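J.: upload25.pdb is reproduced below (PDB, C-alpha atoms and all ligand atoms).
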ATOM      1  CA  MET Y 166      -1.383  -9.994  20.381  1.00  0.00           C
ATOM      2  CA  ILE Y 167       1.626  -8.223  18.848  1.00  0.00           C
ATOM      3  CA  PRO Y 168       0.221  -8.183  15.274  1.00  0.00           C
ATOM      4  CA  GLN Y 169      -3.089  -6.705  16.452  1.00  0.00           C
ATOM      5  CA  VAL Y 170      -1.367  -3.970  18.442  1.00  0.00           C
ATOM      6  CA  LEU Y 171       0.925  -3.156  15.517  1.00  0.00           C
ATOM      7  CA  LEU Y 172      -2.121  -3.040  13.252  1.00  0.00           C
ATOM      8  CA  ASP Y 173      -3.685  -0.499  15.611  1.00  0.00           C
ATOM      9  CA  VAL Y 174      -0.451   1.520  15.555  1.00  0.00           C
ATOM     10  CA  GLN Y 175      -0.373   1.464  11.769  1.00  0.00           C
ATOM     11  CA  GLN Y 176      -3.993   2.575  11.557  1.00  0.00           C
ATOM     12  CA  ALA Y 177      -3.236   5.467  13.896  1.00  0.00           C
ATOM     13  CA  PHE Y 178      -0.002   6.652  12.256  1.00  0.00           C
ATOM     14  CA  GLY Y 179      -0.234   5.243   8.730  1.00  0.00           C
ATOM     15  CA  TYR Y 180       2.929   3.253   9.441  1.00  0.00           C
ATOM     16  CA  ILE Y 181       4.848   1.828  12.383  1.00  0.00           C
ATOM     17  CA  PRO Y 182       7.311   4.391  13.736  1.00  0.00           C
ATOM     18  CA  GLN Y 183      10.414   2.888  15.339  1.00  0.00           C
ATOM     19  CA  GLU Y 184       9.735   4.537  18.687  1.00  0.00           C
ATOM     20  CA  THR Y 185       6.266   2.967  18.889  1.00  0.00           C
ATOM     21  CA  MET Y 186       7.830  -0.492  18.654  1.00  0.00           C
ATOM     22  CA  THR Y 187       9.694   0.316  21.863  1.00  0.00           C
ATOM     23  CA  THR Y 188       6.452   1.424  23.493  1.00  0.00           C
ATOM     24  CA  VAL Y 189       4.650  -1.724  22.341  1.00  0.00           C
ATOM     25  CA  SER Y 190       7.524  -3.819  23.694  1.00  0.00           C
ATOM     26  CA  THR Y 191       7.351  -2.116  27.087  1.00  0.00           C
ATOM     27  CA  GLU Y 192       3.562  -2.152  27.352  1.00  0.00           C
ATOM     28  CA  LEU Y 193       3.202  -5.808  26.331  1.00  0.00           C
ATOM     29  CA  GLY Y 194       6.245  -6.934  28.281  1.00  0.00           C
ATOM     30  CA  VAL Y 195       7.836  -8.652  25.297  1.00  0.00           C
ATOM     31  CA  PRO Y 196      11.364  -8.167  23.961  1.00  0.00           C
ATOM     32  CA  LEU Y 197      11.785  -5.389  21.407  1.00  0.00           C
ATOM     33  CA  ILE Y 198      13.391  -7.892  19.015  1.00  0.00           C
ATOM     34  CA  GLU Y 199      10.135  -9.885  19.006  1.00  0.00           C
ATOM     35  CA  VAL Y 200       8.050  -6.796  18.180  1.00  0.00           C
ATOM     36  CA  SER Y 201      10.536  -5.871  15.454  1.00  0.00           C
ATOM     37  CA  ARG Y 202      10.458  -9.418  14.048  1.00  0.00           C
ATOM     38  CA  VAL Y 203       6.660  -9.330  13.752  1.00  0.00           C
ATOM     39  CA  ALA Y 204       6.716  -5.847  12.205  1.00  0.00           C
ATOM     40  CA  HIS Y 205       9.240  -6.973   9.593  1.00  0.00           C
ATOM     41  CA  PHE Y 206       7.614 -10.359   8.925  1.00  0.00           C
ATOM     42  CA  TYR Y 207       4.181  -9.195   7.770  1.00  0.00           C
ATOM     43  CA  LYS Y 208       4.162  -7.393   4.463  1.00  0.00           C
ATOM     44  CA  ALA Y 209       1.021  -5.527   5.515  1.00  0.00           C
ATOM     45  CA  PHE Y 210       3.095  -3.486   7.958  1.00  0.00           C
ATOM     46  CA  SER Y 211       4.930  -0.443   6.715  1.00  0.00           C
ATOM     47  CA  LEU Y 212       7.972   0.762   8.617  1.00  0.00           C
ATOM     48  CA  LYS Y 213       8.157   4.060   6.781  1.00  0.00           C
ATOM     49  CA  PRO Y 214       5.524   6.721   6.199  1.00  0.00           C
ATOM     50  CA  ARG Y 215       3.093   5.992   3.412  1.00  0.00           C
ATOM     51  CA  GLY Y 216       1.358   8.378   1.079  1.00  0.00           C
ATOM     52  CA  LYS Y 217      -2.160   9.550   1.636  1.00  0.00           C
ATOM     53  CA  HIS Y 218      -3.356   6.933  -0.862  1.00  0.00           C
ATOM     54  CA  LEU Y 219      -2.098   3.372  -1.046  1.00  0.00           C
ATOM     55  CA  LEU Y 220      -2.132   1.685  -4.443  1.00  0.00           C
ATOM     56  CA  THR Y 221      -1.582  -2.061  -4.268  1.00  0.00           C
ATOM     57  CA  LEU Y 222      -1.038  -3.980  -7.483  1.00  0.00           C
ATOM     58  CA  CYS Y 223      -1.326  -7.720  -7.753  1.00  0.00           C
ATOM     59  CA  MET Y 224       1.564  -9.334  -9.583  1.00  0.00           C
ATOM     60  CA  GLY Y 225       0.436 -12.915  -8.979  1.00  0.00           C
ATOM     61  CA  THR Y 226       0.322 -15.446 -11.780  1.00  0.00           C
ATOM     62  CA  ALA Y 227      -3.349 -14.992 -12.715  1.00  0.00           C
ATOM     63  CA  CYS Y 228      -2.959 -11.224 -12.886  1.00  0.00           C
ATOM     64  CA  HIS Y 229       0.445 -11.439 -14.543  1.00  0.00           C
ATOM     65  CA  VAL Y 230      -0.854 -13.444 -17.494  1.00  0.00           C
ATOM     66  CA  ARG Y 231      -3.538 -10.779 -17.970  1.00  0.00           C
ATOM     67  CA  GLY Y 232      -1.070  -7.908 -18.130  1.00  0.00           C
ATOM     68  CA  SER Y 233      -0.363  -6.733 -14.604  1.00  0.00           C
ATOM     69  CA  ASP Y 234       3.175  -5.821 -15.654  1.00  0.00           C
ATOM     70  CA  LEU Y 235       1.753  -3.204 -18.040  1.00  0.00           C
ATOM     71  CA  ILE Y 236      -0.459  -1.847 -15.283  1.00  0.00           C
ATOM     72  CA  LEU Y 237       2.505  -1.583 -12.950  1.00  0.00           C
ATOM     73  CA  GLU Y 238       4.487   0.218 -15.641  1.00  0.00           C
ATOM     74  CA  GLU Y 239       1.611   2.680 -16.098  1.00  0.00           C
ATOM     75  CA  ALA Y 240       1.394   3.260 -12.345  1.00  0.00           C
ATOM     76  CA  LEU Y 241       5.096   3.960 -11.982  1.00  0.00           C
ATOM     77  CA  VAL Y 242       5.174   6.317 -14.967  1.00  0.00           C
ATOM     78  CA  GLU Y 243       1.964   8.105 -14.003  1.00  0.00           C
ATOM     79  CA  LEU Y 244       3.048   8.554 -10.386  1.00  0.00           C
ATOM     80  CA  ASP Y 245       6.766   8.959 -11.111  1.00  0.00           C
ATOM     81  CA  THR Y 246       7.763   6.680  -8.280  1.00  0.00           C
ATOM     82  CA  GLU Y 247       8.990   3.164  -7.579  1.00  0.00           C
ATOM     83  CA  VAL Y 248       7.493   0.102  -5.945  1.00  0.00           C
ATOM     84  CA  GLY Y 249       7.671   0.465  -2.187  1.00  0.00           C
ATOM     85  CA  GLU Y 250       8.061   4.224  -2.444  1.00  0.00           C
ATOM     86  CA  THR Y 251       5.867   7.272  -2.037  1.00  0.00           C
ATOM     87  CA  THR Y 252       5.387  10.086  -4.538  1.00  0.00           C
ATOM     88  CA  THR Y 253       7.282  13.271  -3.772  1.00  0.00           C
ATOM     89  CA  ASP Y 254       4.024  15.070  -2.998  1.00  0.00           C
ATOM     90  CA  GLY Y 255       3.191  12.424  -0.408  1.00  0.00           C
ATOM     91  CA  GLU Y 256      -0.055  11.545  -2.137  1.00  0.00           C
ATOM     92  CA  PHE Y 257       0.503   7.950  -3.327  1.00  0.00           C
ATOM     93  CA  SER Y 258       2.447   4.926  -2.203  1.00  0.00           C
ATOM     94  CA  VAL Y 259       2.780   1.938  -4.506  1.00  0.00           C
ATOM     95  CA  GLU Y 260       3.212  -1.637  -3.413  1.00  0.00           C
ATOM     96  CA  CYS Y 261       2.996  -5.002  -5.121  1.00  0.00           C
ATOM     97  CA  VAL Y 262       1.654  -8.246  -3.725  1.00  0.00           C
ATOM     98  CA  ASN Y 263       1.572 -11.795  -5.054  1.00  0.00           C
ATOM     99  CA  CYS Y 264      -2.178 -12.403  -4.804  1.00  0.00           C
ATOM    100  CA  LEU Y 265      -5.175 -10.487  -3.557  1.00  0.00           C
ATOM    101  CA  GLY Y 266      -7.454 -13.512  -3.508  1.00  0.00           C
ATOM    102  CA  ALA Y 267      -9.557 -12.387  -6.454  1.00  0.00           C
ATOM    103  CA  CYS Y 268      -7.714 -14.162  -9.255  1.00  0.00           C
ATOM    104  CA  ALA Y 269     -10.757 -14.615 -11.508  1.00  0.00           C
ATOM    105  CA  LEU Y 270     -11.181 -10.835 -11.586  1.00  0.00           C
ATOM    106  CA  GLY Y 271      -7.614 -10.024 -12.551  1.00  0.00           C
ATOM    107  CA  PRO Y 272      -5.763  -7.969 -13.113  1.00  0.00           C
ATOM    108  CA  VAL Y 273      -6.677  -6.521  -9.752  1.00  0.00           C
ATOM    109  CA  VAL Y 274      -5.499  -3.367  -8.000  1.00  0.00           C
ATOM    110  CA  VAL Y 275      -6.572  -2.030  -4.628  1.00  0.00           C
ATOM    111  CA  LEU Y 276      -6.723   1.672  -4.008  1.00  0.00           C
ATOM    112  CA  ASP Y 277      -7.273   2.709  -0.406  1.00  0.00           C
ATOM    113  CA  GLY Y 278      -8.876  -0.624   0.364  1.00  0.00           C
ATOM    114  CA  THR Y 279     -11.237  -0.699  -2.624  1.00  0.00           C
ATOM    115  CA  TYR Y 280     -10.745  -3.483  -5.161  1.00  0.00           C
ATOM    116  CA  HIS Y 281     -10.726  -2.602  -8.852  1.00  0.00           C
ATOM    117  CA  ASP Y 282     -11.013  -5.613 -11.140  1.00  0.00           C
ATOM    118  CA  HIS Y 283     -10.223  -6.240 -14.792  1.00  0.00           C
ATOM    119  CA  MET Y 284      -7.774  -3.361 -14.616  1.00  0.00           C
ATOM    120  CA  THR Y 285      -6.090  -1.956 -17.701  1.00  0.00           C
ATOM    121  CA  PRO Y 286      -3.401   0.707 -17.992  1.00  0.00           C
ATOM    122  CA  SER Y 287      -5.941   3.253 -19.250  1.00  0.00           C
ATOM    123  CA  LYS Y 288      -8.416   2.422 -16.465  1.00  0.00           C
ATOM    124  CA  LEU Y 289      -5.627   2.841 -13.922  1.00  0.00           C
ATOM    125  CA  LYS Y 290      -4.690   6.207 -15.369  1.00  0.00           C
ATOM    126  CA  GLU Y 291      -8.333   7.306 -15.078  1.00  0.00           C
ATOM    127  CA  LEU Y 292      -8.472   6.016 -11.506  1.00  0.00           C
ATOM    128  CA  ILE Y 293      -5.380   7.973 -10.496  1.00  0.00           C
ATOM    129  CA  GLU Y 294      -6.699  11.085 -12.250  1.00  0.00           C
ATOM    130  CA  SER Y 295     -10.024  10.758 -10.425  1.00  0.00           C
ATOM    131  CA  VAL Y 296      -8.203  10.699  -7.089  1.00  0.00           C
ATOM    132  CA  ARG Y 297      -6.140  13.730  -8.063  1.00  0.00           C
ATOM    133  CA  GLU Y 298      -9.267  15.594  -9.158  1.00  0.00           C
ATOM    134  CA  ALA Y 299     -11.000  14.737  -5.887  1.00  0.00           C
ATOM    135  CA  GLU Y 300      -7.952  16.012  -3.988  1.00  0.00           C
ATOM    136  CA  LYS Y 301      -8.029  19.278  -5.933  1.00  0.00           C
ATOM    137  CA  GLY Y 302     -11.732  19.626  -5.162  1.00  0.00           C
ATOM    138  CA  GLU Y 303     -11.074  19.174  -1.441  1.00  0.00           C
ATOM    139  CA  ARG Y 304      -8.338  21.832  -1.477  1.00  0.00           C
ATOM    140  CA  ASN Y 305     -10.550  24.411  -3.237  1.00  0.00           C
TER     141      ASN Y 305
HETATM  142  S1  LIG Y 401      -3.114 -13.469  -8.794  1.00  0.00           S
HETATM  143 FE1  LIG Y 401      -3.995 -11.499  -8.717  1.00  0.00          FE
HETATM  144  S2  LIG Y 401      -5.674 -11.744  -7.385  1.00  0.00           S
HETATM  145 FE2  LIG Y 401      -4.718 -13.687  -7.366  1.00  0.00          FE
END
Take the structure in this file and express it as structure tokens.

T.:
Amino acid sequence: MIPQVLLDVQQAFGYIPQETMTTVSTELGVPLIEVSRVAHFYKAFSLKPRGKHLLTLCMGTACHVRGSDLILEEALVELDTEVGETTTDGEFSVECVNCLGACALGPVVVLDGTYHDHMTPSKLKELIESVREAEKGERN
């Protein structure tokens, strides 16, 4: 029950604000420490605000041997941020995981829930640029 409610909270806010954990605790009648434990246990939950776009890079073994470290390096340089952080413009957050369950298609990245297989540094750069261009188009 707690994970599902926290998932709903994250979908609503983009992350799990501290004060909502108190509300969840009260509404479900469970200790706040239990809600906090669940929120901290699952890597899918973010306890700080995320960027508008979430870029998840797989660093698992199958992706690693196919160059995921170079893709990560490209992502961090292109976005000028760090793993677990959000760009200063609030557009992108970057996170790494150990497997996305699509090992045969590696290296794999997920951008806003969409899987991109056989990723390369240049393909990632194009992907990020396409998102930026789309954002510019929406603003104009
Ligand atoms: S190791 Fe990357 S998808 Fe499994």

J.: Under the rule that only C-alpha atoms and all ligand atoms are counted, which of Y:Val296, Y:Leu289, Y:Met224, Y:Met284 is the nearest residue to ligand LIG 401 (chain Y)?

T.: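 Among the listed residues, the smallest separation from ligand LIG 401 (chain Y) belongs to Y:Met224.
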
J.: When the PyMOL selection byres (((chain Y and resi 240) around 12) and not hetatm) is applied to the structure above, which residues does it catch, written out as a PyMOL selection string?

T.: chain Y and resi 219-222+233-239+241-248+250-252+257-261+274+276+284-294

J.: Starting from the PyMOL selection byres (((not hetatm)) within 12 of (chain Y and resi 401)), expand the selection into actual residues of this file and give them as a count of residues only.

T.: 34

J.: Go through the shown structure with the PyMOL selection byres (((chain Y and resi 170-182) around 12) and not hetatm) and write out the matching residues as a CSV table (one decimal) with C-alpha atoms, in the coordinates of the input.

T.:
chain,number,residue,atom,x,y,z
Y,166,MET,CA,-1.4,-10.0,20.4
Y,167,ILE,CA,1.6,-8.2,18.8
Y,168,PRO,CA,0.2,-8.2,15.3
Y,169,GLN,CA,-3.1,-6.7,16.5
Y,183,GLN,CA,10.4,2.9,15.3
Y,184,GLU,CA,9.7,4.5,18.7
Y,185,THR,CA,6.3,3.0,18.9
Y,186,MET,CA,7.8,-0.5,18.7
Y,187,THR,CA,9.7,0.3,21.9
Y,188,THR,CA,6.5,1.4,23.5
Y,189,VAL,CA,4.6,-1.7,22.3
Y,190,SER,CA,7.5,-3.8,23.7
Y,192,GLU,CA,3.6,-2.2,27.4
Y,193,LEU,CA,3.2,-5.8,26.3
Y,199,GLU,CA,10.1,-9.9,19.0
Y,200,VAL,CA,8.0,-6.8,18.2
Y,201,SER,CA,10.5,-5.9,15.5
Y,202,ARG,CA,10.5,-9.4,14.0
Y,203,VAL,CA,6.7,-9.3,13.8
Y,204,ALA,CA,6.7,-5.8,12.2
Y,205,HIS,CA,9.2,-7.0,9.6
Y,206,PHE,CA,7.6,-10.4,8.9
Y,207,TYR,CA,4.2,-9.2,7.8
Y,208,LYS,CA,4.2,-7.4,4.5
Y,209,ALA,CA,1.0,-5.5,5.5
Y,210,PHE,CA,3.1,-3.5,8.0
Y,211,SER,CA,4.9,-0.4,6.7
Y,212,LEU,CA,8.0,0.8,8.6
Y,213,LYS,CA,8.2,4.1,6.8
Y,214,PRO,CA,5.5,6.7,6.2
Y,215,ARG,CA,3.1,6.0,3.4
Y,216,GLY,CA,1.4,8.4,1.1
Y,217,LYS,CA,-2.2,9.6,1.6
Y,218,HIS,CA,-3.4,6.9,-0.9
Y,219,LEU,CA,-2.1,3.4,-1.0
Y,258,SER,CA,2.4,4.9,-2.2
Y,277,ASP,CA,-7.3,2.7,-0.4

J.: Taking all atoms of region 197-200 of chain Y that the file lists and extending 4 Å past them on each side, where is the centre of the axis-aligned box and how long are its edges? Answer in Å to one decimal, as lines of an AutoDock Vina configuration file.

T.:
center_x = 10.7
center_y = -7.6
center_z = 19.8
size_x = 13.3
size_y = 12.5
size_z = 11.2

J.: When you draw a straight line from CA of Arg304 (chain Y) to CA of Glu256 (chain Y), how long is it in Å?

T.: 13.2 Å

J.: Which distance in Å separates CA of Asn305 (chain Y) and CA of Thr279 (chain Y), to one decimal?

T.: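 Rounded to one decimal, the two atoms are 25.1 Å apart.
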